[in-house]
>>> print(open('input.txt').read())   # compact mmCIF, N, CA and C atoms
# COMPACT_ATOMS: atom_id res chain seq x y z
N MET C 1 67.23 14.49 266.50
CA MET C 1 66.89 15.67 265.75
C MET C 1 66.01 15.26 264.58
N THR C 2 64.96 16.01 264.31
CA THR C 2 64.09 15.67 263.20
C THR C 2 64.74 16.03 261.88
N ASP C 3 64.22 15.45 260.80
CA ASP C 3 64.77 15.76 259.48
C ASP C 3 64.65 17.24 259.17
N ALA C 4 63.53 17.86 259.55
CA ALA C 4 63.32 19.27 259.26
C ALA C 4 64.33 20.14 259.99
N SER C 5 64.55 19.88 261.28
CA SER C 5 65.50 20.71 262.02
C SER C 5 66.92 20.43 261.57
N SER C 6 67.21 19.20 261.18
CA SER C 6 68.54 18.87 260.69
C SER C 6 68.84 19.62 259.40
N SER C 7 67.88 19.62 258.46
CA SER C 7 68.13 20.33 257.21
C SER C 7 68.14 21.82 257.42
N GLN C 8 67.36 22.32 258.39
CA GLN C 8 67.38 23.75 258.68
C GLN C 8 68.75 24.15 259.22
N ALA C 9 69.29 23.38 260.15
CA ALA C 9 70.60 23.70 260.70
C ALA C 9 71.68 23.57 259.64
N ALA C 10 71.55 22.56 258.78
CA ALA C 10 72.54 22.36 257.74
C ALA C 10 72.52 23.51 256.74
N ALA C 11 71.35 24.12 256.53
CA ALA C 11 71.24 25.21 255.57
C ALA C 11 71.94 26.47 256.06
N SER C 12 72.33 26.56 257.32
CA SER C 12 72.96 27.77 257.84
C SER C 12 74.45 27.83 257.52
N ALA C 13 74.98 26.82 256.87
CA ALA C 13 76.40 26.80 256.51
C ALA C 13 76.56 26.55 255.02
N ASN C 14 77.53 27.24 254.42
CA ASN C 14 77.82 27.09 253.01
C ASN C 14 79.23 26.53 252.88
N PHE C 15 79.38 25.36 252.27
CA PHE C 15 80.66 24.68 252.13
C PHE C 15 81.23 25.06 250.76
N ILE C 16 82.41 25.70 250.76
CA ILE C 16 82.95 26.32 249.55
C ILE C 16 84.37 25.83 249.28
N ASN C 17 84.65 25.56 248.01
CA ASN C 17 86.01 25.24 247.56
C ASN C 17 86.33 26.17 246.39
N PRO C 18 86.96 27.33 246.70
CA PRO C 18 87.23 28.32 245.65
C PRO C 18 88.09 27.74 244.53
N GLY C 19 87.78 28.13 243.31
CA GLY C 19 88.54 27.67 242.15
C GLY C 19 89.98 28.14 242.16
N ALA C 20 90.28 29.22 242.89
CA ALA C 20 91.64 29.76 242.95
C ALA C 20 92.55 28.99 243.91
N ILE C 21 91.99 28.01 244.61
CA ILE C 21 92.75 27.17 245.54
C ILE C 21 92.66 25.74 245.04
N HIS C 22 93.71 24.93 245.27
CA HIS C 22 93.69 23.54 244.81
C HIS C 22 92.44 22.81 245.30
N GLN C 23 92.00 21.83 244.55
CA GLN C 23 90.84 21.02 244.93
C GLN C 23 91.19 20.19 246.15
N PRO C 24 90.46 20.32 247.26
CA PRO C 24 90.81 19.58 248.47
C PRO C 24 90.43 18.11 248.38
N THR C 25 91.12 17.30 249.15
CA THR C 25 90.82 15.88 249.26
C THR C 25 90.37 15.60 250.69
N GLY C 26 89.10 15.36 250.87
CA GLY C 26 88.60 14.96 252.18
C GLY C 26 88.23 16.08 253.12
N TYR C 27 88.09 17.31 252.65
CA TYR C 27 87.69 18.43 253.49
C TYR C 27 87.23 19.57 252.59
N SER C 28 86.66 20.61 253.18
CA SER C 28 86.31 21.84 252.45
C SER C 28 87.28 22.93 252.86
N HIS C 29 87.64 23.80 251.91
CA HIS C 29 88.53 24.91 252.23
C HIS C 29 87.85 25.96 253.10
N VAL C 30 86.58 26.22 252.82
CA VAL C 30 85.87 27.31 253.50
C VAL C 30 84.49 26.81 253.91
N VAL C 31 84.09 27.14 255.13
CA VAL C 31 82.71 26.93 255.54
C VAL C 31 82.21 28.27 256.07
N GLU C 32 81.25 28.84 255.35
CA GLU C 32 80.65 30.11 255.75
C GLU C 32 79.42 29.82 256.59
N VAL C 33 79.38 30.35 257.79
CA VAL C 33 78.24 30.15 258.68
C VAL C 33 77.38 31.40 258.62
N ALA C 34 76.16 31.23 258.14
CA ALA C 34 75.25 32.36 257.96
C ALA C 34 74.38 32.61 259.19
N ALA C 35 74.12 31.57 259.95
CA ALA C 35 73.27 31.72 261.14
C ALA C 35 73.48 30.51 262.04
N GLY C 36 73.16 30.68 263.31
CA GLY C 36 73.22 29.56 264.23
C GLY C 36 74.08 29.85 265.45
N ARG C 37 74.14 28.87 266.32
CA ARG C 37 74.88 28.97 267.58
C ARG C 37 76.09 28.04 267.51
N PRO C 38 77.29 28.57 267.73
CA PRO C 38 78.48 27.70 267.67
C PRO C 38 78.57 26.79 268.89
N VAL C 39 79.06 25.58 268.66
CA VAL C 39 79.31 24.60 269.71
C VAL C 39 80.74 24.12 269.51
N TYR C 40 81.55 24.21 270.55
CA TYR C 40 82.95 23.80 270.49
C TYR C 40 83.11 22.52 271.29
N ILE C 41 83.61 21.47 270.65
CA ILE C 41 83.78 20.19 271.32
C ILE C 41 85.27 19.95 271.53
N ALA C 42 85.62 19.73 272.78
CA ALA C 42 87.02 19.49 273.14
C ALA C 42 87.55 18.26 272.42
N GLY C 43 88.86 18.20 272.28
CA GLY C 43 89.50 17.06 271.65
C GLY C 43 89.06 15.76 272.29
N GLN C 44 88.62 14.84 271.44
CA GLN C 44 88.17 13.52 271.91
C GLN C 44 89.22 12.49 271.55
N VAL C 45 89.44 11.56 272.47
CA VAL C 45 90.40 10.48 272.28
C VAL C 45 89.67 9.15 272.40
N ALA C 46 90.39 8.05 272.24
CA ALA C 46 89.80 6.72 272.18
C ALA C 46 89.58 6.10 273.56
N LEU C 47 88.99 6.87 274.46
CA LEU C 47 88.60 6.34 275.76
C LEU C 47 87.10 6.15 275.77
N ASP C 48 86.64 4.99 276.24
CA ASP C 48 85.20 4.76 276.31
C ASP C 48 84.63 5.47 277.53
N ARG C 49 83.35 5.29 277.78
CA ARG C 49 82.68 6.02 278.87
C ARG C 49 83.25 5.69 280.25
N THR C 50 83.95 4.56 280.39
CA THR C 50 84.55 4.21 281.68
C THR C 50 86.00 4.69 281.79
N GLY C 51 86.51 5.30 280.71
CA GLY C 51 87.90 5.76 280.70
C GLY C 51 88.88 4.72 280.23
N THR C 52 88.37 3.61 279.68
CA THR C 52 89.21 2.54 279.19
C THR C 52 89.61 2.80 277.73
N LEU C 53 90.88 2.60 277.41
CA LEU C 53 91.35 2.77 276.05
C LEU C 53 90.71 1.73 275.14
N VAL C 54 90.27 2.18 273.97
CA VAL C 54 89.74 1.29 272.93
C VAL C 54 90.76 1.26 271.81
N GLY C 55 91.23 0.08 271.42
CA GLY C 55 92.08 -0.06 270.24
C GLY C 55 93.56 0.19 270.47
N LEU C 56 94.15 -0.44 271.45
CA LEU C 56 95.58 -0.28 271.70
C LEU C 56 96.36 -0.57 270.41
N GLY C 57 97.10 0.43 269.92
CA GLY C 57 97.92 0.27 268.72
C GLY C 57 97.16 0.18 267.41
N ASP C 58 95.85 0.41 267.42
CA ASP C 58 94.99 0.24 266.24
C ASP C 58 94.33 1.57 265.88
N MET C 59 94.86 2.26 264.86
CA MET C 59 94.34 3.57 264.49
C MET C 59 92.87 3.51 264.10
N ARG C 60 92.46 2.50 263.34
CA ARG C 60 91.06 2.40 262.91
C ARG C 60 90.13 2.29 264.12
N ALA C 61 90.46 1.43 265.06
CA ALA C 61 89.62 1.26 266.25
C ALA C 61 89.61 2.53 267.10
N GLN C 62 90.76 3.19 267.23
CA GLN C 62 90.81 4.42 268.01
C GLN C 62 90.00 5.52 267.32
N ALA C 63 90.12 5.63 266.00
CA ALA C 63 89.36 6.65 265.27
C ALA C 63 87.86 6.41 265.42
N ARG C 64 87.45 5.16 265.34
CA ARG C 64 86.03 4.84 265.50
C ARG C 64 85.53 5.28 266.88
N GLN C 65 86.31 5.02 267.93
CA GLN C 65 85.89 5.43 269.27
C GLN C 65 85.85 6.95 269.38
N VAL C 66 86.84 7.62 268.78
CA VAL C 66 86.85 9.09 268.78
C VAL C 66 85.58 9.64 268.14
N PHE C 67 85.19 9.09 267.00
CA PHE C 67 83.99 9.59 266.32
C PHE C 67 82.72 9.21 267.07
N GLU C 68 82.72 8.10 267.77
CA GLU C 68 81.58 7.78 268.63
C GLU C 68 81.49 8.78 269.79
N ASN C 69 82.65 9.15 270.35
CA ASN C 69 82.66 10.16 271.41
C ASN C 69 82.17 11.51 270.88
N LEU C 70 82.60 11.87 269.68
CA LEU C 70 82.13 13.12 269.08
C LEU C 70 80.62 13.06 268.86
N ARG C 71 80.12 11.91 268.40
CA ARG C 71 78.67 11.75 268.21
C ARG C 71 77.93 11.98 269.53
N ALA C 72 78.44 11.40 270.61
CA ALA C 72 77.80 11.56 271.91
C ALA C 72 77.83 13.03 272.36
N ALA C 73 78.94 13.71 272.10
CA ALA C 73 79.04 15.13 272.46
C ALA C 73 78.04 15.95 271.65
N LEU C 74 77.92 15.65 270.37
CA LEU C 74 76.95 16.37 269.53
C LEU C 74 75.52 16.10 270.01
N GLU C 75 75.22 14.84 270.32
CA GLU C 75 73.88 14.50 270.80
C GLU C 75 73.54 15.23 272.09
N ALA C 76 74.54 15.54 272.91
CA ALA C 76 74.31 16.25 274.17
C ALA C 76 73.75 17.65 273.94
N VAL C 77 73.94 18.19 272.74
CA VAL C 77 73.38 19.51 272.41
C VAL C 77 72.37 19.39 271.26
N SER C 78 71.79 18.19 271.10
CA SER C 78 70.79 17.91 270.07
C SER C 78 71.29 18.22 268.66
N ALA C 79 72.53 17.86 268.40
CA ALA C 79 73.12 18.08 267.08
C ALA C 79 73.57 16.75 266.49
N THR C 80 73.92 16.79 265.20
CA THR C 80 74.45 15.63 264.50
C THR C 80 75.70 16.06 263.75
N PHE C 81 76.34 15.13 263.08
CA PHE C 81 77.51 15.47 262.28
C PHE C 81 77.16 16.40 261.12
N ASP C 82 75.87 16.49 260.76
CA ASP C 82 75.47 17.43 259.71
C ASP C 82 75.76 18.88 260.09
N GLN C 83 75.85 19.16 261.37
CA GLN C 83 76.11 20.52 261.82
C GLN C 83 77.60 20.81 262.06
N VAL C 84 78.46 19.82 261.90
CA VAL C 84 79.90 20.04 262.11
C VAL C 84 80.47 20.82 260.93
N VAL C 85 81.15 21.93 261.24
CA VAL C 85 81.73 22.78 260.20
C VAL C 85 83.26 22.75 260.23
N LYS C 86 83.86 22.23 261.31
CA LYS C 86 85.33 22.22 261.42
C LYS C 86 85.76 21.03 262.26
N LEU C 87 86.81 20.34 261.79
CA LEU C 87 87.43 19.25 262.54
C LEU C 87 88.94 19.51 262.57
N ASN C 88 89.53 19.36 263.73
CA ASN C 88 90.99 19.42 263.88
C ASN C 88 91.47 18.05 264.34
N TYR C 89 92.44 17.50 263.59
CA TYR C 89 92.98 16.18 263.88
C TYR C 89 94.40 16.33 264.41
N TYR C 90 94.71 15.60 265.45
CA TYR C 90 96.07 15.51 265.99
C TYR C 90 96.43 14.03 265.96
N LEU C 91 97.43 13.70 265.14
CA LEU C 91 97.81 12.31 264.91
C LEU C 91 99.27 12.09 265.27
N VAL C 92 99.58 10.97 265.91
CA VAL C 92 100.99 10.67 266.17
C VAL C 92 101.67 10.12 264.93
N ASP C 93 100.89 9.74 263.91
CA ASP C 93 101.44 9.28 262.64
C ASP C 93 100.52 9.76 261.51
N ALA C 94 100.91 10.85 260.86
CA ALA C 94 100.06 11.45 259.83
C ALA C 94 99.88 10.54 258.62
N THR C 95 100.72 9.53 258.44
CA THR C 95 100.51 8.62 257.31
C THR C 95 99.24 7.80 257.50
N GLN C 96 98.66 7.82 258.70
CA GLN C 96 97.43 7.09 258.99
C GLN C 96 96.18 7.91 258.66
N LEU C 97 96.35 9.12 258.12
CA LEU C 97 95.19 9.97 257.81
C LEU C 97 94.19 9.29 256.87
N PRO C 98 94.61 8.53 255.86
CA PRO C 98 93.61 7.84 255.03
C PRO C 98 92.71 6.89 255.84
N VAL C 99 93.26 6.21 256.82
CA VAL C 99 92.46 5.33 257.69
C VAL C 99 91.46 6.16 258.48
N VAL C 100 91.91 7.28 259.01
CA VAL C 100 91.03 8.16 259.78
C VAL C 100 89.91 8.68 258.89
N ARG C 101 90.24 9.05 257.66
CA ARG C 101 89.21 9.55 256.74
C ARG C 101 88.18 8.48 256.41
N GLU C 102 88.62 7.23 256.26
CA GLU C 102 87.68 6.14 256.01
C GLU C 102 86.66 6.04 257.14
N VAL C 103 87.16 6.12 258.37
CA VAL C 103 86.26 6.07 259.52
C VAL C 103 85.37 7.31 259.54
N ARG C 104 85.98 8.49 259.37
CA ARG C 104 85.23 9.75 259.39
C ARG C 104 84.10 9.73 258.37
N ASN C 105 84.34 9.14 257.20
CA ASN C 105 83.33 9.12 256.14
C ASN C 105 82.09 8.32 256.52
N GLN C 106 82.16 7.50 257.55
CA GLN C 106 80.99 6.78 258.04
C GLN C 106 80.12 7.68 258.92
N TYR C 107 80.61 8.87 259.25
CA TYR C 107 79.91 9.77 260.15
C TYR C 107 79.48 11.08 259.49
N VAL C 108 80.29 11.64 258.60
CA VAL C 108 79.99 12.94 258.00
C VAL C 108 79.37 12.78 256.62
N ASN C 109 78.70 13.82 256.18
CA ASN C 109 78.11 13.87 254.85
C ASN C 109 79.22 14.13 253.84
N PRO C 110 79.48 13.23 252.89
CA PRO C 110 80.59 13.42 251.94
C PRO C 110 80.40 14.61 251.02
N HIS C 111 79.19 15.16 250.95
CA HIS C 111 78.92 16.33 250.11
C HIS C 111 79.04 17.63 250.89
N ARG C 112 79.26 17.54 252.19
CA ARG C 112 79.40 18.71 253.06
C ARG C 112 80.55 18.45 254.04
N LEU C 113 81.73 18.25 253.50
CA LEU C 113 82.88 17.92 254.35
C LEU C 113 83.32 19.16 255.13
N PRO C 114 83.52 19.01 256.43
CA PRO C 114 83.93 20.15 257.24
C PRO C 114 85.30 20.68 256.83
N ALA C 115 85.52 21.96 257.11
CA ALA C 115 86.88 22.49 257.02
C ALA C 115 87.70 21.69 258.02
N SER C 116 88.95 21.40 257.70
CA SER C 116 89.74 20.51 258.56
C SER C 116 91.20 20.90 258.60
N THR C 117 91.82 20.55 259.70
CA THR C 117 93.27 20.70 259.87
C THR C 117 93.78 19.40 260.46
N ALA C 118 94.87 18.88 259.90
CA ALA C 118 95.50 17.67 260.43
C ALA C 118 96.94 18.00 260.78
N VAL C 119 97.32 17.65 262.00
CA VAL C 119 98.67 17.94 262.48
C VAL C 119 99.27 16.67 263.07
N GLU C 120 100.51 16.37 262.66
CA GLU C 120 101.22 15.27 263.30
C GLU C 120 101.89 15.81 264.55
N VAL C 121 101.70 15.09 265.65
CA VAL C 121 102.28 15.49 266.94
C VAL C 121 103.20 14.39 267.44
N ARG C 122 104.15 14.77 268.25
CA ARG C 122 105.10 13.80 268.80
C ARG C 122 104.40 12.80 269.71
N ARG C 123 103.48 13.29 270.51
CA ARG C 123 102.70 12.42 271.39
C ARG C 123 101.47 13.18 271.87
N LEU C 124 100.50 12.42 272.38
CA LEU C 124 99.33 13.01 273.02
C LEU C 124 99.51 12.88 274.53
N PHE C 125 98.52 13.18 275.30
CA PHE C 125 98.71 13.21 276.75
C PHE C 125 98.97 11.84 277.37
N ARG C 126 98.71 10.77 276.60
CA ARG C 126 99.07 9.41 277.01
C ARG C 126 99.80 8.75 275.85
N ASP C 127 100.79 7.96 276.15
CA ASP C 127 101.59 7.31 275.10
C ASP C 127 100.80 6.31 274.26
N ASP C 128 99.70 5.77 274.78
CA ASP C 128 98.95 4.76 274.05
C ASP C 128 97.87 5.36 273.14
N LEU C 129 97.73 6.68 273.13
CA LEU C 129 96.75 7.35 272.27
C LEU C 129 97.39 7.68 270.93
N LEU C 130 96.67 7.41 269.84
CA LEU C 130 97.17 7.65 268.49
C LEU C 130 96.53 8.85 267.82
N ILE C 131 95.37 9.29 268.31
CA ILE C 131 94.58 10.32 267.65
C ILE C 131 93.77 11.11 268.66
N GLU C 132 93.59 12.39 268.36
CA GLU C 132 92.67 13.25 269.10
C GLU C 132 92.00 14.14 268.06
N VAL C 133 90.69 14.33 268.19
CA VAL C 133 89.95 15.15 267.24
C VAL C 133 89.04 16.10 268.00
N GLU C 134 89.09 17.39 267.63
CA GLU C 134 88.17 18.37 268.18
C GLU C 134 87.26 18.86 267.07
N ALA C 135 86.08 19.35 267.43
CA ALA C 135 85.08 19.74 266.44
C ALA C 135 84.43 21.06 266.80
N VAL C 136 83.96 21.74 265.75
CA VAL C 136 83.11 22.92 265.89
C VAL C 136 81.86 22.62 265.09
N ALA C 137 80.71 22.83 265.73
CA ALA C 137 79.42 22.64 265.05
C ALA C 137 78.63 23.94 265.17
N VAL C 138 77.67 24.11 264.30
CA VAL C 138 76.77 25.25 264.36
C VAL C 138 75.36 24.71 264.35
N ILE C 139 74.59 25.07 265.38
CA ILE C 139 73.22 24.57 265.49
C ILE C 139 72.27 25.76 265.55
N SER C 140 71.04 25.51 265.09
CA SER C 140 70.04 26.59 265.08
C SER C 140 69.26 26.57 266.37
>>> encode(input="input.txt", output="structure tokens")
Amino acid sequence: MTDASSSQAAASANFINPGAIHQPTGYSHVVEVAAGRPVYIAGQVALDRTGTLVGLGDMRAQARQVFENLRAALEAVSATFDQVVKLNYYLVDATQLPVVREVRNQYVNPHRLPASTAVEVRRLFRDDLLIEVEAVAVIS
């Protein structure tokens, strides 16, 4: 995506943290989408393109693979993380959220953090998976 189209798509969303709500850490409370086409990306897990698990027992390695998978999904529709407006995290251990955020910060713009939800779950569809992340992006 060119710089011009990236900034144009990014301009279609307004990232808001109302003063009447506590200051968020690592996400935005509200993302207003003024224009564009929504793209919904299914929950991504730490499986590489061959279906092999990346990072057995390692949240950082699994999160990195998840965000690489999200990047590939975004690229499939000519988008980048600049167009992501919402992320949903499903973690088997919510105390690992700071690790996930460290990895996420290598992919998203820290000045335009997506609205986010993090949920601790008992397990994912495989016992060796530690994280699943789904995304919503808006592209022009």
>>> select_by_dssp(input="input.txt", residues="range 13-46 of chain C", states="strand (DSSP E)", output="PyMOL selection string")
chain C and resi 13-16+30-33+37-44
>>> closest_atom_pairs(input="input.txt", of="range 1-62 of chain C", to="range 67-72 of chain C", cutoff="8 Å", atoms="all atoms listed in the file", output="tab-separated table")
residue	atom	partner	partner_atom	distance
C:Ile41	CA	C:Leu70	CA	7.6
C:Gly43	C	C:Leu70	N	8.0
C:Gln44	CA	C:Leu70	N	6.2
C:Val45	N	C:Asn69	CA	7.0
C:Ala46	CA	C:Phe67	N	7.3
C:Leu47	C	C:Asn69	CA	7.4
C:Asp48	CA	C:Asn69	CA	7.7
C:Ala61	C	C:Phe67	N	7.9
C:Gln62	C	C:Phe67	N	6.0
>>> atom_distance(input="input.txt", atom1="CA of Ala94 in chain C", atom2="CA of Glu120 in chain C")
5.3 Å
>>> atom_distance(input="input.txt", atom1="atom C of Val77 in chain C", atom2="CA of Glu102 in chain C")
25.3 Å
>>> closest_residue(input="input.txt", among="C:Leu53, C:Asn17, C:Arg64, C:Ala35", to="Arg104 in chain C", atoms="all atoms listed in the file")
C:Arg64
>>> residues_around(input="input.txt", residues="range 36-39 of chain C", least_positions_apart="3", cutoff="6 Å", atoms="only N, CA and C atoms", output="list in words")
Ala135, Val136, Ala137, Val138, Ile139 and Ser140 of chain C
>>> atom_distance(input="input.txt", atom1="CA of Pro18 in chain C", atom2="atom N of Val119 in chain C")
22.0 Å
>>> closest_residue(input="input.txt", among="C:Tyr27, C:Tyr107, C:Phe15, C:Tyr40", to="Phe81 in chain C", atoms="only C-alpha atoms")
C:Tyr107
>>> closest_residue(input="input.txt", among="C:Ala20, C:Leu91, C:Ala42, C:Val85", to="Leu129 in chain C", atoms="only N, CA and C atoms")
C:Leu91
>>> select_by_dssp(input="input.txt", residues="range 4-134 of chain C", states="helix (DSSP H, G or I)", output="JSON, numbers by chain")
{"C": [4, 5, 6, 7, 8, 9, 10, 59, 60, 61, 62, 63, 64, 65, 66, 67, 68, 69, 70, 71, 72, 73, 74, 75, 81, 82, 83, 94, 95, 96, 97, 98, 99, 100, 101, 102, 103, 104]}
>>> write_last_selection(input="input.txt", atoms="N, CA and C atoms", output="tab-separated table (two decimals), keeping the file's coordinate frame")
chain	number	residue	atom	x	y	z
C	4	ALA	N	63.53	17.86	259.55
C	4	ALA	CA	63.32	19.27	259.26
C	4	ALA	C	64.33	20.14	259.99
C	5	SER	N	64.55	19.88	261.28
C	5	SER	CA	65.50	20.71	262.02
C	5	SER	C	66.92	20.43	261.57
C	6	SER	N	67.21	19.20	261.18
C	6	SER	CA	68.54	18.87	260.69
C	6	SER	C	68.84	19.62	259.40
C	7	SER	N	67.88	19.62	258.46
C	7	SER	CA	68.13	20.33	257.21
C	7	SER	C	68.14	21.82	257.42
C	8	GLN	N	67.36	22.32	258.39
C	8	GLN	CA	67.38	23.75	258.68
C	8	GLN	C	68.75	24.15	259.22
C	9	ALA	N	69.29	23.38	260.15
C	9	ALA	CA	70.60	23.70	260.70
C	9	ALA	C	71.68	23.57	259.64
C	10	ALA	N	71.55	22.56	258.78
C	10	ALA	CA	72.54	22.36	257.74
C	10	ALA	C	72.52	23.51	256.74
C	59	MET	N	94.86	2.26	264.86
C	59	MET	CA	94.34	3.57	264.49
C	59	MET	C	92.87	3.51	264.10
C	60	ARG	N	92.46	2.50	263.34
C	60	ARG	CA	91.06	2.40	262.91
C	60	ARG	C	90.13	2.29	264.12
C	61	ALA	N	90.46	1.43	265.06
C	61	ALA	CA	89.62	1.26	266.25
C	61	ALA	C	89.61	2.53	267.10
C	62	GLN	N	90.76	3.19	267.23
C	62	GLN	CA	90.81	4.42	268.01
C	62	GLN	C	90.00	5.52	267.32
C	63	ALA	N	90.12	5.63	266.00
C	63	ALA	CA	89.36	6.65	265.27
C	63	ALA	C	87.86	6.41	265.42
C	64	ARG	N	87.45	5.16	265.34
C	64	ARG	CA	86.03	4.84	265.50
C	64	ARG	C	85.53	5.28	266.88
C	65	GLN	N	86.31	5.02	267.93
C	65	GLN	CA	85.89	5.43	269.27
C	65	GLN	C	85.85	6.95	269.38
C	66	VAL	N	86.84	7.62	268.78
C	66	VAL	CA	86.85	9.09	268.78
C	66	VAL	C	85.58	9.64	268.14
C	67	PHE	N	85.19	9.09	267.00
C	67	PHE	CA	83.99	9.59	266.32
C	67	PHE	C	82.72	9.21	267.07
C	68	GLU	N	82.72	8.10	267.77
C	68	GLU	CA	81.58	7.78	268.63
C	68	GLU	C	81.49	8.78	269.79
C	69	ASN	N	82.65	9.15	270.35
C	69	ASN	CA	82.66	10.16	271.41
C	69	ASN	C	82.17	11.51	270.88
C	70	LEU	N	82.60	11.87	269.68
C	70	LEU	CA	82.13	13.12	269.08
C	70	LEU	C	80.62	13.06	268.86
C	71	ARG	N	80.12	11.91	268.40
C	71	ARG	CA	78.67	11.75	268.21
C	71	ARG	C	77.93	11.98	269.53
C	72	ALA	N	78.44	11.40	270.61
C	72	ALA	CA	77.80	11.56	271.91
C	72	ALA	C	77.83	13.03	272.36
C	73	ALA	N	78.94	13.71	272.10
C	73	ALA	CA	79.04	15.13	272.46
C	73	ALA	C	78.04	15.95	271.65
C	74	LEU	N	77.92	15.65	270.37
C	74	LEU	CA	76.95	16.37	269.53
C	74	LEU	C	75.52	16.10	270.01
C	75	GLU	N	75.22	14.84	270.32
C	75	GLU	CA	73.88	14.50	270.80
C	75	GLU	C	73.54	15.23	272.09
C	81	PHE	N	76.34	15.13	263.08
C	81	PHE	CA	77.51	15.47	262.28
C	81	PHE	C	77.16	16.40	261.12
C	82	ASP	N	75.87	16.49	260.76
C	82	ASP	CA	75.47	17.43	259.71
C	82	ASP	C	75.76	18.88	260.09
C	83	GLN	N	75.85	19.16	261.37
C	83	GLN	CA	76.11	20.52	261.82
C	83	GLN	C	77.60	20.81	262.06
C	94	ALA	N	100.91	10.85	260.86
C	94	ALA	CA	100.06	11.45	259.83
C	94	ALA	C	99.88	10.54	258.62
C	95	THR	N	100.72	9.53	258.44
C	95	THR	CA	100.51	8.62	257.31
C	95	THR	C	99.24	7.80	257.50
C	96	GLN	N	98.66	7.82	258.70
C	96	GLN	CA	97.43	7.09	258.99
C	96	GLN	C	96.18	7.91	258.66
C	97	LEU	N	96.35	9.12	258.12
C	97	LEU	CA	95.19	9.97	257.81
C	97	LEU	C	94.19	9.29	256.87
C	98	PRO	N	94.61	8.53	255.86
C	98	PRO	CA	93.61	7.84	255.03
C	98	PRO	C	92.71	6.89	255.84
C	99	VAL	N	93.26	6.21	256.82
C	99	VAL	CA	92.46	5.33	257.69
C	99	VAL	C	91.46	6.16	258.48
C	100	VAL	N	91.91	7.28	259.01
C	100	VAL	CA	91.03	8.16	259.78
C	100	VAL	C	89.91	8.68	258.89
C	101	ARG	N	90.24	9.05	257.66
C	101	ARG	CA	89.21	9.55	256.74
C	101	ARG	C	88.18	8.48	256.41
C	102	GLU	N	88.62	7.23	256.26
C	102	GLU	CA	87.68	6.14	256.01
C	102	GLU	C	86.66	6.04	257.14
C	103	VAL	N	87.16	6.12	258.37
C	103	VAL	CA	86.26	6.07	259.52
C	103	VAL	C	85.37	7.31	259.54
C	104	ARG	N	85.98	8.49	259.37
C	104	ARG	CA	85.23	9.75	259.39
C	104	ARG	C	84.10	9.73	258.37
>>> closest_residue(input="input.txt", among="C:His22, C:His29, C:Arg49, C:Arg101", to="Ser116 in chain C", atoms="only N, CA and C atoms")
C:His29
>>> decode(input="input.txt", residues="range 51-64 of chain C", atoms="N, CA and C atoms", output="CSV table (one decimal), in the first residue's frame")
chain,number,residue,atom,x,y,z
C,51,GLY,N,0.7,-25.2,8.9
C,51,GLY,CA,-0.1,-25.8,9.9
C,51,GLY,C,0.7,-26.2,11.1
C,52,THR,N,2.0,-25.9,11.2
C,52,THR,CA,2.8,-26.3,12.3
C,52,THR,C,2.8,-25.3,13.4
C,53,LEU,N,2.7,-25.7,14.6
C,53,LEU,CA,2.7,-24.8,15.8
C,53,LEU,C,4.0,-24.1,15.9
C,54,VAL,N,4.0,-22.8,16.1
C,54,VAL,CA,5.2,-22.0,16.4
C,54,VAL,C,5.2,-21.6,17.9
C,55,GLY,N,6.2,-22.0,18.6
C,55,GLY,CA,6.4,-21.5,20.0
C,55,GLY,C,5.6,-22.3,21.0
C,56,LEU,N,5.8,-23.6,21.0
C,56,LEU,CA,5.2,-24.5,22.0
C,56,LEU,C,5.5,-24.0,23.4
C,57,GLY,N,4.5,-23.6,24.2
C,57,GLY,CA,4.7,-23.1,25.6
C,57,GLY,C,5.3,-21.7,25.7
C,58,ASP,N,5.4,-21.0,24.6
C,58,ASP,CA,6.1,-19.7,24.6
C,58,ASP,C,5.1,-18.6,24.1
C,59,MET,N,4.6,-17.8,25.0
C,59,MET,CA,3.6,-16.8,24.6
C,59,MET,C,4.1,-15.8,23.6
C,60,ARG,N,5.4,-15.3,23.9
C,60,ARG,CA,5.9,-14.3,23.0
C,60,ARG,C,6.1,-14.9,21.6
C,61,ALA,N,6.6,-16.1,21.4
C,61,ALA,CA,6.7,-16.7,20.1
C,61,ALA,C,5.3,-16.9,19.4
C,62,GLN,N,4.4,-17.3,20.2
C,62,GLN,CA,3.0,-17.6,19.6
C,62,GLN,C,2.4,-16.2,19.2
C,63,ALA,N,2.5,-15.2,20.1
C,63,ALA,CA,2.0,-13.9,19.7
C,63,ALA,C,2.6,-13.4,18.5
C,64,ARG,N,3.9,-13.5,18.3
C,64,ARG,CA,4.6,-13.0,17.1
C,64,ARG,C,4.0,-13.7,15.9
